[in-house]
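Printed here is upload_12.tsv (TSV, C-alpha atoms):
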```
chain	number	residue	atom	x	y	z
A	1	MET	CA	182.73	82.62	35.94
A	2	GLN	CA	184.87	85.46	34.72
A	3	PRO	CA	188.68	85.33	35.16
A	4	ASN	CA	188.67	87.65	38.17
A	5	ASP	CA	185.61	86.26	39.95
A	6	LEU	CA	186.18	85.30	43.58
A	7	LEU	CA	184.60	82.51	45.59
A	8	THR	CA	185.04	82.83	49.33
A	9	GLY	CA	183.29	81.48	52.39
A	10	ASP	CA	183.76	80.47	56.00
A	11	LEU	CA	184.35	76.72	56.10
A	12	ARG	CA	183.53	75.47	59.57
A	13	ILE	CA	183.90	71.83	60.55
A	14	GLY	CA	182.30	70.90	63.84
A	15	VAL	CA	184.41	68.24	65.54
A	16	GLU	CA	183.89	67.06	69.11
A	17	HIS	CA	187.05	66.78	71.20
A	18	ARG	CA	186.07	64.23	73.85
A	19	VAL	CA	188.23	63.35	76.87
A	20	ARG	CA	187.12	60.96	79.60
A	21	PHE	CA	188.85	60.06	82.86
A	22	CYS	CA	187.93	56.74	84.45
A	23	ARG	CA	189.17	53.65	86.23
A	24	ALA	CA	189.05	50.03	85.04
A	25	ALA	CA	188.32	50.97	81.44
A	26	LEU	CA	187.95	47.32	80.42
A	27	GLU	CA	185.73	46.26	83.29
A	28	ALA	CA	181.99	46.28	83.93
A	29	THR	CA	181.48	47.31	87.55
A	30	SER	CA	178.15	47.18	89.39
A	31	GLY	CA	176.31	46.38	86.20
A	32	THR	CA	177.76	49.31	84.25
A	33	THR	CA	179.17	49.08	80.74
A	34	PRO	CA	182.98	49.11	80.47
A	35	PRO	CA	184.12	52.63	79.58
A	36	ILE	CA	185.92	51.46	76.44
A	37	VAL	CA	182.74	49.82	75.18
A	38	GLU	CA	180.81	53.03	75.80
A	39	GLU	CA	183.35	55.05	73.83
A	40	LEU	CA	183.40	52.63	70.90
A	41	ALA	CA	179.59	52.43	70.86
A	42	ARG	CA	179.51	56.17	70.14
A	43	LEU	CA	181.15	55.71	66.75
A	44	PRO	CA	178.52	56.31	64.09
A	45	ARG	CA	177.67	53.51	61.67
A	46	THR	CA	177.31	55.03	58.23
A	47	ALA	CA	176.64	51.82	56.28
A	48	THR	CA	173.91	49.30	57.12
A	49	GLY	CA	175.22	45.81	57.67
A	50	PHE	CA	178.87	46.92	57.67
A	51	ARG	CA	180.97	46.05	60.72
A	52	PRO	CA	184.06	48.20	61.13
A	53	ARG	CA	187.38	46.86	62.35
A	54	MET	CA	189.67	47.97	65.14
A	55	LEU	CA	193.46	47.75	65.23
A	56	PRO	CA	195.00	48.11	68.70
A	57	VAL	CA	198.59	49.44	68.65
A	58	VAL	CA	200.28	48.98	72.01
A	59	ASP	CA	203.37	50.58	73.56
A	60	GLY	CA	205.94	47.82	74.09
A	61	GLY	CA	206.85	49.02	77.57
A	62	PHE	CA	203.22	48.93	78.65
A	63	ALA	CA	202.66	45.54	77.01
A	64	ALA	CA	205.64	44.03	78.87
A	65	ALA	CA	204.42	45.38	82.21
A	66	ASN	CA	200.82	44.29	81.52
A	67	PRO	CA	201.06	40.95	79.69
A	68	ASP	CA	197.37	40.13	80.14
A	69	PHE	CA	196.06	43.46	78.85
A	70	ALA	CA	195.63	42.42	75.21
A	71	ALA	CA	193.66	39.32	76.16
A	72	ARG	CA	191.43	41.31	78.53
A	73	LEU	CA	190.85	43.91	75.83
A	74	ARG	CA	189.77	41.23	73.36
A	75	ARG	CA	187.41	39.60	75.88
A	76	THR	CA	185.81	42.94	76.70
A	77	ILE	CA	185.26	43.90	73.06
A	78	GLU	CA	184.07	40.49	71.91
A	79	SER	CA	181.69	40.05	74.84
A	80	ALA	CA	179.94	43.27	73.81
A	81	GLY	CA	178.86	41.59	70.56
A	82	SER	CA	178.41	42.88	67.04
A	83	ALA	CA	177.87	46.46	68.25
A	84	MET	CA	181.64	46.59	68.62
A	85	PRO	CA	184.24	46.70	65.83
A	86	ALA	CA	185.85	43.40	64.89
A	87	ILE	CA	189.14	43.46	66.79
A	88	ASP	CA	192.43	42.62	65.06
A	89	GLU	CA	195.52	41.17	66.71
A	90	PRO	CA	197.31	43.96	68.58
A	91	LEU	CA	200.46	45.40	67.08
A	92	VAL	CA	203.15	46.01	69.70
A	93	VAL	CA	205.61	48.81	68.90
A	94	PRO	CA	208.63	50.13	70.83
A	95	GLY	CA	207.84	52.78	73.42
A	96	GLY	CA	209.69	55.99	74.10
A	97	GLU	CA	210.96	58.75	71.85
A	98	GLY	CA	212.85	56.28	69.69
A	99	SER	CA	209.55	55.12	68.23
A	100	LYS	CA	209.13	58.59	66.70
A	101	SER	CA	212.60	58.55	65.16
A	102	ASP	CA	212.65	55.07	63.61
A	103	PRO	CA	210.99	54.92	60.15
A	104	ALA	CA	210.50	51.17	60.63
A	105	VAL	CA	208.00	51.81	63.43
A	106	LEU	CA	205.83	54.03	61.25
A	107	GLU	CA	206.06	51.53	58.40
A	108	SER	CA	205.02	48.65	60.66
A	109	ILE	CA	201.90	50.57	61.69
A	110	LEU	CA	201.00	51.43	58.11
A	111	ASN	CA	201.50	47.80	57.12
A	112	ALA	CA	199.19	46.65	59.91
A	113	LEU	CA	196.55	49.20	58.89
A	114	ASP	CA	196.72	47.97	55.32
A	115	ARG	CA	196.77	44.30	56.27
A	116	GLY	CA	193.80	44.77	58.59
A	117	ARG	CA	191.86	46.71	55.96
A	118	ILE	CA	191.29	49.58	58.32
A	119	CYS	CA	188.96	51.94	56.51
A	120	ARG	CA	187.70	55.41	57.34
A	121	GLN	CA	184.77	53.89	59.28
A	122	SER	CA	187.10	51.68	61.32
A	123	VAL	CA	189.25	52.73	64.28
A	124	VAL	CA	192.82	52.64	65.49
A	125	LEU	CA	193.20	52.19	69.25
A	126	ALA	CA	196.50	53.74	70.39
A	127	ILE	CA	197.59	52.49	73.83
A	128	GLY	CA	200.76	53.96	75.27
A	129	GLY	CA	202.83	56.95	76.24
A	130	GLY	CA	203.00	60.26	74.42
A	131	ALA	CA	205.58	59.16	71.83
A	132	VAL	CA	203.55	56.10	70.82
A	133	LEU	CA	200.35	58.17	70.69
A	134	ASP	CA	202.19	60.58	68.40
A	135	VAL	CA	203.47	58.06	65.87
A	136	VAL	CA	200.24	56.02	65.86
A	137	GLY	CA	198.23	59.21	65.49
A	138	TYR	CA	200.42	60.30	62.59
A	139	ALA	CA	199.94	56.95	60.84
A	140	ALA	CA	196.18	57.10	61.39
A	141	ALA	CA	196.02	60.68	60.09
A	142	ILE	CA	197.80	59.92	56.80
A	143	PHE	CA	196.23	56.51	56.12
A	144	HIS	CA	193.27	57.00	53.74
A	145	ARG	CA	193.71	60.73	54.56
A	146	GLY	CA	192.59	59.98	58.11
A	147	VAL	CA	191.03	57.07	59.98
A	148	ARG	CA	189.41	57.22	63.39
A	149	LEU	CA	191.72	57.30	66.37
A	150	LEU	CA	190.94	56.44	69.99
A	151	ARG	CA	193.74	57.26	72.43
A	152	MET	CA	194.36	55.39	75.69
A	153	PRO	CA	197.31	57.17	77.35
A	154	THR	CA	199.29	55.02	79.80
A	155	THR	CA	201.79	57.52	81.28
A	156	THR	CA	201.43	60.54	83.53
A	157	LEU	CA	202.83	62.78	80.80
A	158	ALA	CA	200.37	61.45	78.23
A	159	GLN	CA	197.40	61.77	80.57
A	160	ASP	CA	198.19	65.22	81.93
A	161	ASP	CA	199.31	66.74	78.60
A	162	ALA	CA	200.15	64.87	75.40
A	163	ALA	CA	196.85	63.06	74.85
A	164	MET	CA	194.89	66.30	75.23
A	165	GLY	CA	196.31	67.85	72.08
A	166	VAL	CA	195.24	67.57	68.46
A	167	LYS	CA	198.78	67.12	67.15
A	168	ASN	CA	200.57	64.04	65.88
A	169	GLY	CA	204.16	63.87	64.74
A	170	ILE	CA	207.37	62.01	64.14
A	171	ASN	CA	210.99	63.07	64.30
A	172	HIS	CA	212.85	63.44	61.02
A	173	ARG	CA	216.34	64.56	59.99
A	174	GLY	CA	217.29	64.88	63.64
A	175	LYS	CA	214.53	67.40	64.36
A	176	LYS	CA	211.69	66.80	66.77
A	177	ASN	CA	208.22	66.63	65.20
A	178	LEU	CA	209.45	67.81	61.82
A	179	LEU	CA	206.71	65.75	60.16
A	180	GLY	CA	203.22	65.86	61.60
A	181	THR	CA	199.53	66.50	61.30
A	182	PHE	CA	196.72	68.14	63.18
A	183	ALA	CA	193.84	65.70	63.71
A	184	VAL	CA	191.26	65.56	66.49
A	185	PRO	CA	190.99	62.07	68.03
A	186	THR	CA	187.59	60.42	68.12
A	187	SER	CA	187.99	59.99	71.86
A	188	VAL	CA	190.61	60.08	74.61
A	189	LEU	CA	190.12	57.56	77.41
A	190	CYS	CA	192.34	58.20	80.43
A	191	ASP	CA	192.23	55.16	82.72
A	192	LEU	CA	194.08	56.18	85.87
A	193	ASP	CA	194.58	52.51	86.78
A	194	LEU	CA	196.87	52.12	83.76
A	195	LEU	CA	199.49	54.23	85.53
A	196	GLY	CA	200.02	51.56	88.18
A	197	THR	CA	202.80	49.68	86.36
A	198	LEU	CA	204.61	52.80	85.14
A	199	ALA	CA	208.29	52.94	86.10
A	200	ASP	CA	209.11	55.50	88.80
A	201	ARG	CA	211.26	57.54	86.43
A	202	ASP	CA	208.44	57.83	83.91
A	203	TRP	CA	205.93	58.54	86.67
A	204	ARG	CA	207.98	61.53	87.86
A	205	SER	CA	208.73	62.72	84.35
A	206	GLY	CA	205.11	63.43	83.53
A	207	PHE	CA	204.69	65.97	86.31
A	208	ALA	CA	207.10	68.37	84.61
A	209	GLU	CA	204.25	69.31	82.26
A	210	ALA	CA	201.99	69.91	85.26
A	211	VAL	CA	204.59	72.26	86.77
A	212	LYS	CA	204.96	73.98	83.39
A	213	ILE	CA	201.28	74.76	82.99
A	214	ALA	CA	200.81	75.61	86.66
A	215	VAL	CA	203.56	78.24	86.52
A	216	ILE	CA	202.03	80.01	83.54
A	217	ARG	CA	198.30	79.33	84.00
A	218	ASP	CA	197.21	78.28	87.50
A	219	GLU	CA	198.76	79.55	90.72
A	220	ALA	CA	196.52	77.27	92.82
A	221	LEU	CA	197.75	74.22	90.94
A	222	PHE	CA	201.33	75.30	91.53
A	223	ALA	CA	200.63	75.68	95.24
A	224	ARG	CA	199.24	72.14	95.30
A	225	LEU	CA	202.30	70.81	93.47
A	226	GLU	CA	204.61	72.68	95.80
A	227	ARG	CA	202.80	71.37	98.88
A	228	ASP	CA	202.36	67.76	97.72
A	229	ALA	CA	205.54	67.25	95.68
A	230	LYS	CA	206.97	64.58	97.99
A	231	ALA	CA	203.69	62.64	98.11
A	232	ILE	CA	203.36	62.89	94.34
A	233	ARG	CA	206.90	61.60	93.88
A	234	GLU	CA	206.03	58.68	96.14
A	235	ARG	CA	202.92	57.93	94.02
A	236	ASP	CA	200.24	58.84	96.52
A	237	ARG	CA	197.03	58.70	94.51
A	238	SER	CA	195.15	61.24	96.59
A	239	ALA	CA	197.94	63.75	95.95
A	240	SER	CA	198.75	62.93	92.32
A	241	GLU	CA	195.43	62.28	90.62
A	242	PRO	CA	193.91	65.75	91.18
A	243	VAL	CA	197.09	67.22	89.67
A	244	ILE	CA	196.90	64.94	86.63
A	245	ARG	CA	193.24	65.83	86.05
A	246	ARG	CA	193.73	69.58	86.50
A	247	SER	CA	196.78	69.68	84.26
A	248	ALA	CA	194.87	67.75	81.62
A	249	GLU	CA	191.93	70.14	81.90
A	250	LEU	CA	194.15	73.20	81.47
A	251	HIS	CA	195.78	71.72	78.35
A	252	TYR	CA	192.39	70.66	77.00
A	253	ARG	CA	190.80	74.07	77.63
A	254	HIS	CA	193.62	75.79	75.80
A	255	ILE	CA	192.97	73.64	72.71
A	256	LEU	CA	189.25	74.47	72.79
A	257	GLU	CA	189.37	78.08	73.94
A	258	GLY	CA	192.85	79.40	73.13
A	259	GLY	CA	191.86	80.54	69.65
A	260	ASP	CA	194.65	78.76	67.75
A	261	PRO	CA	194.28	74.97	68.05
A	262	PHE	CA	196.21	74.34	64.82
A	263	GLU	CA	199.03	76.76	65.67
A	264	LEU	CA	198.67	79.11	62.72
A	265	GLY	CA	200.20	81.98	64.70
A	266	THR	CA	203.77	82.60	65.80
A	267	ALA	CA	203.34	81.57	69.43
A	268	ARG	CA	202.68	78.40	71.40
A	269	PRO	CA	201.54	79.77	74.77
A	270	LEU	CA	201.76	76.43	76.58
A	271	ASP	CA	205.27	75.58	75.39
A	272	PHE	CA	207.03	77.37	78.24
A	273	GLY	CA	210.48	75.79	78.56
A	274	HIS	CA	210.13	73.78	75.37
A	275	TRP	CA	212.56	75.56	73.07
A	276	ALA	CA	215.34	74.16	75.25
A	277	ALA	CA	213.57	70.90	76.08
A	278	HIS	CA	213.22	69.80	72.48
A	279	ARG	CA	216.83	70.59	71.76
A	280	LEU	CA	218.05	68.81	74.91
A	281	GLU	CA	216.19	65.66	73.88
A	282	SER	CA	217.98	65.63	70.54
A	283	MET	CA	221.37	66.54	72.03
A	284	SER	CA	221.11	63.69	74.55
A	285	ASN	CA	220.04	61.21	71.85
A	286	HIS	CA	216.87	60.88	73.92
A	287	ARG	CA	218.70	59.78	77.04
A	288	LEU	CA	216.59	62.48	78.65
A	289	ARG	CA	212.90	61.70	78.79
A	290	HIS	CA	210.67	64.44	77.35
A	291	GLY	CA	209.44	65.34	80.83
A	292	GLU	CA	212.98	65.50	82.20
A	293	ALA	CA	214.00	67.82	79.37
A	294	VAL	CA	210.91	69.95	80.04
A	295	ALA	CA	211.85	70.19	83.72
A	296	ILE	CA	215.29	71.51	82.74
A	297	GLY	CA	213.72	73.88	80.21
A	298	VAL	CA	211.27	75.20	82.83
A	299	ALA	CA	214.09	75.73	85.34
A	300	LEU	CA	216.18	77.47	82.68
A	301	ASP	CA	213.43	79.79	81.43
A	302	SER	CA	212.28	80.57	84.97
A	303	THR	CA	215.83	81.66	85.74
A	304	ILE	CA	215.98	83.74	82.55
A	305	ALA	CA	212.65	85.34	83.55
A	306	MET	CA	214.18	86.21	86.93
A	307	LEU	CA	217.29	87.71	85.33
A	308	ASP	CA	215.06	89.76	83.02
A	309	GLY	CA	213.04	91.06	85.96
A	310	ARG	CA	209.81	89.32	85.01
A	311	ILE	CA	209.62	87.27	88.19
A	312	ASP	CA	211.39	87.71	91.51
A	313	GLU	CA	214.07	85.46	92.98
A	314	THR	CA	211.66	83.93	95.49
A	315	THR	CA	209.36	82.74	92.71
A	316	GLN	CA	212.27	81.30	90.73
A	317	ARG	CA	213.51	79.45	93.80
A	318	ARG	CA	210.04	78.03	94.48
A	319	ILE	CA	209.77	76.70	90.92
A	320	VAL	CA	213.19	75.08	91.01
A	321	ALA	CA	212.63	73.64	94.49
A	322	THR	CA	209.32	72.09	93.42
A	323	LEU	CA	210.93	70.43	90.39
A	324	LEU	CA	213.67	69.01	92.61
A	325	GLU	CA	211.21	67.78	95.24
A	326	LEU	CA	209.30	65.97	92.50
A	327	GLY	CA	212.53	64.15	91.66
A	328	LEU	CA	213.07	65.99	88.38
A	329	PRO	CA	216.40	67.32	87.03
A	330	ILE	CA	217.20	70.99	86.57
A	331	THR	CA	220.53	70.55	84.75
A	332	ALA	CA	222.19	68.12	82.35
A	333	PRO	CA	225.67	67.80	80.81
A	334	GLU	CA	224.27	69.01	77.48
A	335	LEU	CA	223.89	72.50	78.94
A	336	ASP	CA	227.67	72.84	78.68
A	337	ASP	CA	227.32	72.88	74.88
A	338	LEU	CA	225.89	76.37	74.59
A	339	ASP	CA	226.26	76.53	70.80
A	340	GLY	CA	224.30	73.30	70.44
A	341	LEU	CA	221.64	74.42	72.88
A	342	MET	CA	221.10	77.77	71.16
A	343	GLN	CA	220.20	75.94	67.96
A	344	GLY	CA	216.98	75.16	69.81
A	345	VAL	CA	215.93	78.80	69.50
A	346	GLU	CA	216.29	78.67	65.72
A	347	GLU	CA	214.54	75.32	65.45
A	348	PHE	CA	211.67	76.68	67.54
A	349	ARG	CA	211.47	79.76	65.33
A	350	GLU	CA	211.54	77.65	62.17
A	351	HIS	CA	208.89	75.29	63.48
A	352	LEU	CA	206.46	78.14	64.11
A	353	GLY	CA	207.49	80.29	61.17
A	354	GLY	CA	208.03	84.01	61.04
A	355	VAL	CA	209.24	85.85	64.12
A	356	ALA	CA	208.50	83.36	66.86
A	357	THR	CA	207.90	84.22	70.50
A	358	VAL	CA	208.25	82.14	73.65
A	359	ALA	CA	206.14	82.07	76.79
A	360	MET	CA	207.76	83.43	79.94
A	361	PRO	CA	206.20	83.71	83.41
A	362	ILE	CA	205.44	87.18	84.71
A	363	ARG	CA	204.13	85.84	88.03
A	364	LEU	CA	202.86	82.47	89.20
A	365	GLY	CA	199.81	81.64	87.10
A	366	ALA	CA	200.46	84.16	84.32
A	367	SER	CA	202.78	84.55	81.34
A	368	ALA	CA	203.64	86.80	78.43
A	369	GLU	CA	204.89	86.11	74.91
A	370	VAL	CA	208.36	87.59	74.50
A	371	GLN	CA	211.31	87.41	72.14
A	372	PRO	CA	213.41	84.24	72.55
A	373	PRO	CA	216.34	84.61	74.96
A	374	GLY	CA	219.79	85.51	73.72
A	375	ARG	CA	223.03	83.66	74.21
A	376	GLU	CA	224.24	85.76	77.17
A	377	GLU	CA	220.96	85.38	79.05
A	378	VAL	CA	220.99	81.62	78.56
A	379	ALA	CA	224.62	81.34	79.66
A	380	ALA	CA	223.92	83.37	82.82
A	381	ALA	CA	220.90	81.25	83.69
A	382	ILE	CA	222.85	78.01	83.18
A	383	ALA	CA	225.57	79.28	85.52
A	384	ILE	CA	222.99	79.88	88.26
A	385	LEU	CA	221.42	76.41	87.87
A	386	GLN	CA	224.81	74.70	87.90
A	387	ARG	CA	226.00	76.29	91.14
```

Let me see the structure of the file written as structure tokens.
Amino acid sequence: MQPNDLLTGDLRIGVEHRVRFCRAALEATSGTTPPIVEELARLPRTATGFRPRMLPVVDGGFAAANPDFAARLRRTIESAGSAMPAIDEPLVVPGGEGSKSDPAVLESILNALDRGRICRQSVVLAIGGGAVLDVVGYAAAIFHRGVRLLRMPTTTLAQDDAAMGVKNGINHRGKKNLLGTFAVPTSVLCDLDLLGTLADRDWRSGFAEAVKIAVIRDEALFARLERDAKAIRERDRSASEPVIRRSAELHYRHILEGGDPFELGTARPLDFGHWAAHRLESMSNHRLRHGEAVAIGVALDSTIAMLDGRIDETTQRRIVATLLELGLPITAPELDDLDGLMQGVEEFREHLGGVATVAMPIRLGASAEVQPPGREEVAAAIAILQR
């Protein structure tokens, strides 16, 4: 080659993004194979005679509420024989956003991966809410430059949003998701039965993401949420499960069809309300659940959109009323610290790079990317919500 020669080409890597909803993921019903066995059986064997290993990492909150789960998981995997990975003892890690902020949690996962000799043909099974899926996914993505990851989300928020993405991350230096990776999971297995032991607060919290995506992407979904909010809050399966599935589908379709799955641009079209939500989580030292912070962020940005003339007052009132009927907050004491809250705009801009934009509704089911709100707009919207 000469000094100025150029090599260029289109590097395309075909990766399947597989999401499956089911019930009783560990059980064989009517002679069928347990869903988790079916998902693990799909993993290709690249070396003859080699049996991969599997490390389950379990959310501590879920483990405490389901003390027999680990034993049932082991029985299911071992009864399927040598076609399954050899299963290691589960590692239980703290649940909630604190797991993403504590370096000891990440280190414990890396230690378990090393101790269990998890190789690139083996698999990490992440069982838990969105925060645990994030930190386990991050560990899996950086260990050996990436080992296989199977997600089993156990919260409404993880099933209707977080588990659909291809992002993993941890909090660092007081900033949400400052360290992270993009990595497509081998499979996502959403067992709706796993939501049964979820605390009511966490149950409600997850539907903030459903409201978020309904407002900006699906008017029919919003109408369902508005109509069934009380039944959803009271955990009626016939009302809640179609919402969880549709919200998950909308998030999933955006990853596949939105044109920017690794967020190389200056917009995150599905992060309506999130510039404030992420900041509120940090300001509250994670007293606010992610979904609760998102609910406040959605209420705030909907009010800003009304003040800017993008949506009418009736639409804003419907959004806020639906959040409240779901049992979600629309204000928090942290909103009184306007200087602290406005740092969220800069952190959002920094996270995306360049001149960032934020999604704002222009009617129910549609949005536009606009410049982030200014201090006066935010203050006016807060005043309306705090009346």

> Which residue gives the smallest distance to A:Met360 among A:Ala383, A:Lys212, A:Asp218, A:Val320, with all atoms listed in the file counted?
Replying inline: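 Distance minimum relative to A:Met360 lands on A:Lys212.
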
Contacts of A:Gly146 at 9 Å (only C-alpha atoms; same-chain gap of 5+ positions) as a PDB file with C-alpha atoms, in the frame of the given file:
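Saved result, part_1.pdb, follows:
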```pdb
ATOM      1  CA  CYS A 119     188.960  51.940  56.510  1.00  0.00           C
ATOM      2  CA  ARG A 120     187.700  55.410  57.340  1.00  0.00           C
ATOM      3  CA  ALA A 139     199.940  56.950  60.840  1.00  0.00           C
ATOM      4  CA  ALA A 140     196.180  57.100  61.390  1.00  0.00           C
ATOM      5  CA  ALA A 141     196.020  60.680  60.090  1.00  0.00           C
ATOM      6  CA  ALA A 183     193.840  65.700  63.710  1.00  0.00           C
TER       7      ALA A 183
END
```

>> Report, in Å with one decimal, the straight-line distance from atom CA of A:Thr155 to atom CA of A:Leu264.
In response: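 Distance reported for this atom pair: 28.6 Å.
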
Report as AutoDock Vina command-line options the centre and the edge lengths, in Å to one decimal, of the axis-aligned box holding every listed atom of stretch 272-275 of chain A, padded by 3 Å on each side.
```
--center_x 209.8 --center_y 75.6 --center_z 75.8 --size_x 11.5 --size_y 9.6 --size_z 11.5
```

>> Is it possible to get the residues within 12 Å of (196.8, 65.0, 89.9) (coordinates as in the file, counting only C-alpha atoms) written as an MDAnalysis selection string?
In response: chainID A and resid 21 156:157 159:161 192 195 203:204 206:207 209:211 214 221:222 224:225 228:229 231:233 235:249

Output for the residues just chosen: C-alpha atoms as a tab-separated table (two decimals), keeping the file's coordinate frame:
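Writing the result to part17.tsv gives the following:
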```tsv
chain	number	residue	atom	x	y	z
A	21	PHE	CA	188.85	60.06	82.86
A	156	THR	CA	201.43	60.54	83.53
A	157	LEU	CA	202.83	62.78	80.80
A	159	GLN	CA	197.40	61.77	80.57
A	160	ASP	CA	198.19	65.22	81.93
A	161	ASP	CA	199.31	66.74	78.60
A	192	LEU	CA	194.08	56.18	85.87
A	195	LEU	CA	199.49	54.23	85.53
A	203	TRP	CA	205.93	58.54	86.67
A	204	ARG	CA	207.98	61.53	87.86
A	206	GLY	CA	205.11	63.43	83.53
A	207	PHE	CA	204.69	65.97	86.31
A	209	GLU	CA	204.25	69.31	82.26
A	210	ALA	CA	201.99	69.91	85.26
A	211	VAL	CA	204.59	72.26	86.77
A	214	ALA	CA	200.81	75.61	86.66
A	221	LEU	CA	197.75	74.22	90.94
A	222	PHE	CA	201.33	75.30	91.53
A	224	ARG	CA	199.24	72.14	95.30
A	225	LEU	CA	202.30	70.81	93.47
A	228	ASP	CA	202.36	67.76	97.72
A	229	ALA	CA	205.54	67.25	95.68
A	231	ALA	CA	203.69	62.64	98.11
A	232	ILE	CA	203.36	62.89	94.34
A	233	ARG	CA	206.90	61.60	93.88
A	235	ARG	CA	202.92	57.93	94.02
A	236	ASP	CA	200.24	58.84	96.52
A	237	ARG	CA	197.03	58.70	94.51
A	238	SER	CA	195.15	61.24	96.59
A	239	ALA	CA	197.94	63.75	95.95
A	240	SER	CA	198.75	62.93	92.32
A	241	GLU	CA	195.43	62.28	90.62
A	242	PRO	CA	193.91	65.75	91.18
A	243	VAL	CA	197.09	67.22	89.67
A	244	ILE	CA	196.90	64.94	86.63
A	245	ARG	CA	193.24	65.83	86.05
A	246	ARG	CA	193.73	69.58	86.50
A	247	SER	CA	196.78	69.68	84.26
A	248	ALA	CA	194.87	67.75	81.62
A	249	GLU	CA	191.93	70.14	81.90
```

>> Just want the 6 Å neighbourhood of A:Ala131, counted on all atoms listed in the file, with same-chain residues fewer than 2 positions away dropped. Output as a count of residues only.
In response: 5

> With only C-alpha atoms as the basis for distance, which of A:Arg53, A:Arg148, A:Arg363, A:Arg45 is at the shortest distance from A:Asp312?
Replying inline: A:Arg363

> Of the residues A:Gly95, A:Glu313, A:Leu26, A:Pro333, which is the one nearest to A:Ala70, using all atoms listed in the file?
Replying inline: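 Ranking A:Gly95, A:Glu313, A:Leu26, A:Pro333 by distance to A:Ala70, first place goes to A:Leu26.
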
I'd like a table as JSON lines: residues in stretch 260-321 of chain A with an atom no more than 8 Å from stretch 162-180 of chain A, each row giving the shortest atom pair and its distance in Å to one decimal, all atoms listed in the file counted, sorted by chain and rising residue number.
```
{"residue": "A:Pro261", "atom": "CA", "partner": "A:Val166", "partner_atom": "CA", "distance": 7.5}
{"residue": "A:Phe262", "atom": "CA", "partner": "A:Val166", "partner_atom": "CA", "distance": 7.7}
{"residue": "A:His278", "atom": "CA", "partner": "A:Lys176", "partner_atom": "CA", "distance": 6.6}
{"residue": "A:Ser282", "atom": "CA", "partner": "A:Gly174", "partner_atom": "CA", "distance": 7.0}
```

> In Å, with one decimal, what is the gap from atom CA of A:Ser108 to atom CA of A:Phe69?
Replying inline: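 These atoms are spaced 20.9 Å apart.
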
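The coordinates place atom CA of A:Val358 at 7.4 Å from atom CA of A:Asp271.
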
> With only C-alpha atoms as the basis for distance, which of A:Gly60, A:Pro269, A:Pro35, A:Pro103 is at the shortest distance from A:Pro90?
Replying inline: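 The closest residue to A:Pro90 is A:Gly60.
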
>> At a cut-off of 12 Å, using all atoms listed in the file, what residues contact A:Ala28? Leave out same-chain residues fewer than 6 positions from it and give the result as JSON, numbers by chain.
In response: {"A": [34, 35, 36, 37, 38, 72, 75, 76, 77, 79, 80]}

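Using only C-alpha atoms, the protein and nucleic acid residues lying no more than 12 Å from A:Gly259, apart from those fewer than 6 places from it along its own chain, are A:Arg253, A:Gly265, A:Ala267, A:Arg268, A:Pro269.
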
>> Neighbouring residues of A:Ala126 were defined as those with any atom within 12 Å, considering all atoms listed in the file; residues of the same chain fewer than 3 positions away were excluded. Please report them as a ChimeraX atom specification.
In response: /A:54-60,62,90-93,95,109,123,129-140,148-154,158,163,168,185-190
